[in-house]
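Data block below; observations after.
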Amino acid sequence: MPETAKPVFLVNAYADPVLVRIDGRAAFTNSGSLKDFFSEMVKQGRSRFVLDFQACTSMDSTFLGVLAGAALQMKKLNPPGSVTLVRVGERNLELIRNLGLHRLATVDAGVTNLSFDGGQSQALTEQKKDEIESAKLVLEAHENLVSADSANAAKFQDVLAFLRSRVEQGR
């Protein structure tokens, strides 16, 4: 990611729940940092997350698969954690519902006041991944979407087959 590129994810890891603001396009090119952030927060004992979609201009299936993976991970915790999606616009809400994420996360399309002030927030930056690492991320994200809703298997069967083949060749 070039130094001048605007970060897409702003996080406040000190809030409870942990806050994540999506600013711009959430896609396979920047979802790895969010996946890593969720993993790190869980290692630190954090299990409640709120994602603010107000400034999210668009999202792809890899990003949605990363969200599905996080929501599935939270449900496995004891006690279970939570992922809440707030200020979700009409188009993003349609994508979330079409892929079954509304069954894994709480979706609130209403108005919510969230604070990213106070110097506690930081931008997530994407670490450079090689082709195989990127393929693994995208594959895992799409497998999460199939776990979220089995109807997604038909939607992504070609993508999954291609990615599995690519990851296998890279070993």
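Chain labels follow the order of the structure tokens: the first chain is A, the next B, and so on; residue numbering restarts at 1 in every chain, and ligands are counted from 1 in their shown order.
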
Residues of chain A in alpha helix (DSSP H), written as number ranges by chain: A: 31-43, 61-76, 90-98, 131-148, 152-169

Stretch 33-46 of chain A environment, 7 Å, only C-alpha atoms, sequence neighbours closer than 3 positions dropped, as a PyMOL selection string: chain A and resi 30+66+70+124-126

Could you check the closest approach to A:Lys75 for each of A:Leu93, A:Lys129, A:Ala148, A:Ala123 and tell me which residue wins, using only C-alpha atoms?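 Looking at the shortest contact to A:Lys75, the residue is A:Ala148.
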
Show me, as CSV, the residues of stretch 44-92 of chain A having an atom within 10 Å of stretch 19-25 of chain A, each with the closest atom pair and its distance in Å, using only C-alpha atoms.
residue,atom,partner,partner_atom,distance
A:Arg48,CA,A:Leu19,CA,8.9
A:Phe49,CA,A:Leu19,CA,6.0
A:Val50,CA,A:Leu19,CA,5.0
A:Leu51,CA,A:Val20,CA,4.7
A:Asp52,CA,A:Arg21,CA,4.7
A:Phe53,CA,A:Ile22,CA,5.6
A:Gln54,CA,A:Ile22,CA,7.5
A:Ala55,CA,A:Asp23,CA,4.8
A:Cys56,CA,A:Gly24,CA,4.8
A:Thr57,CA,A:Gly24,CA,4.9
A:Ser58,CA,A:Arg25,CA,4.8
A:Met59,CA,A:Arg25,CA,5.7
A:Asp60,CA,A:Arg25,CA,8.3
A:Phe63,CA,A:Arg25,CA,9.6
A:Thr84,CA,A:Leu19,CA,9.7
A:Leu85,CA,A:Val20,CA,9.6
A:Val86,CA,A:Arg21,CA,9.7

Go through A:Lys128, A:Asn98, A:Gln169, A:Gln120 one by one, measure the shortest atom-to-atom distance of each to A:Ser150 using only C-alpha atoms, and give the residue with the smallest value.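 With only C-alpha atoms as the atom set, the closest residue is A:Asn98.
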
Given only C-alpha atoms as the basis, pick out the residue of A:Thr62, A:Ser47, A:Thr106, A:Thr29 nearest to A:His142.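 Checking each candidate against A:His142, we get A:Thr62 as the closest.
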
Determine, counting only C-alpha atoms, which protein, DNA and RNA residues have an atom within 8 Å of an atom of stretch 160-168 of chain A; residues of the same chain fewer than 4 positions away are not included. Present the result as a list in words.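 Returned residues: Ile132, Ala135, Lys136, Val138, Leu139, His142, Glu143 and Phe156 of chain A.
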
Run DSSP on the backbone and tell me which residues of stretch 41-142 of chain A come out as strand (DSSP E or B); list them as a list in words.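 Here are the strand (DSSP E or B) residues of stretch 41-142 of chain A: Arg48, Phe49, Val50, Leu51, Asp52, Phe53, Gln54, Ala55, Cys56, Thr57, Ser58, Met59, Ser82, Val83, Thr84, Leu85, Val86, Thr106, Val107, Asp108, Gln122 and Ala123 of chain A.
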
Which residue gives the smallest distance to A:Arg103 among A:Ala151, A:Ala15, A:Leu137, A:Ala68, with only C-alpha atoms counted?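 Of A:Ala151, A:Ala15, A:Leu137, A:Ala68, the one nearest A:Arg103, counting only C-alpha atoms, is A:Ala68.
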
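For the atom pair formed by atom CA of A:Leu10 and atom CA of A:Val146, the distance is 27.6 Å, given to one decimal.
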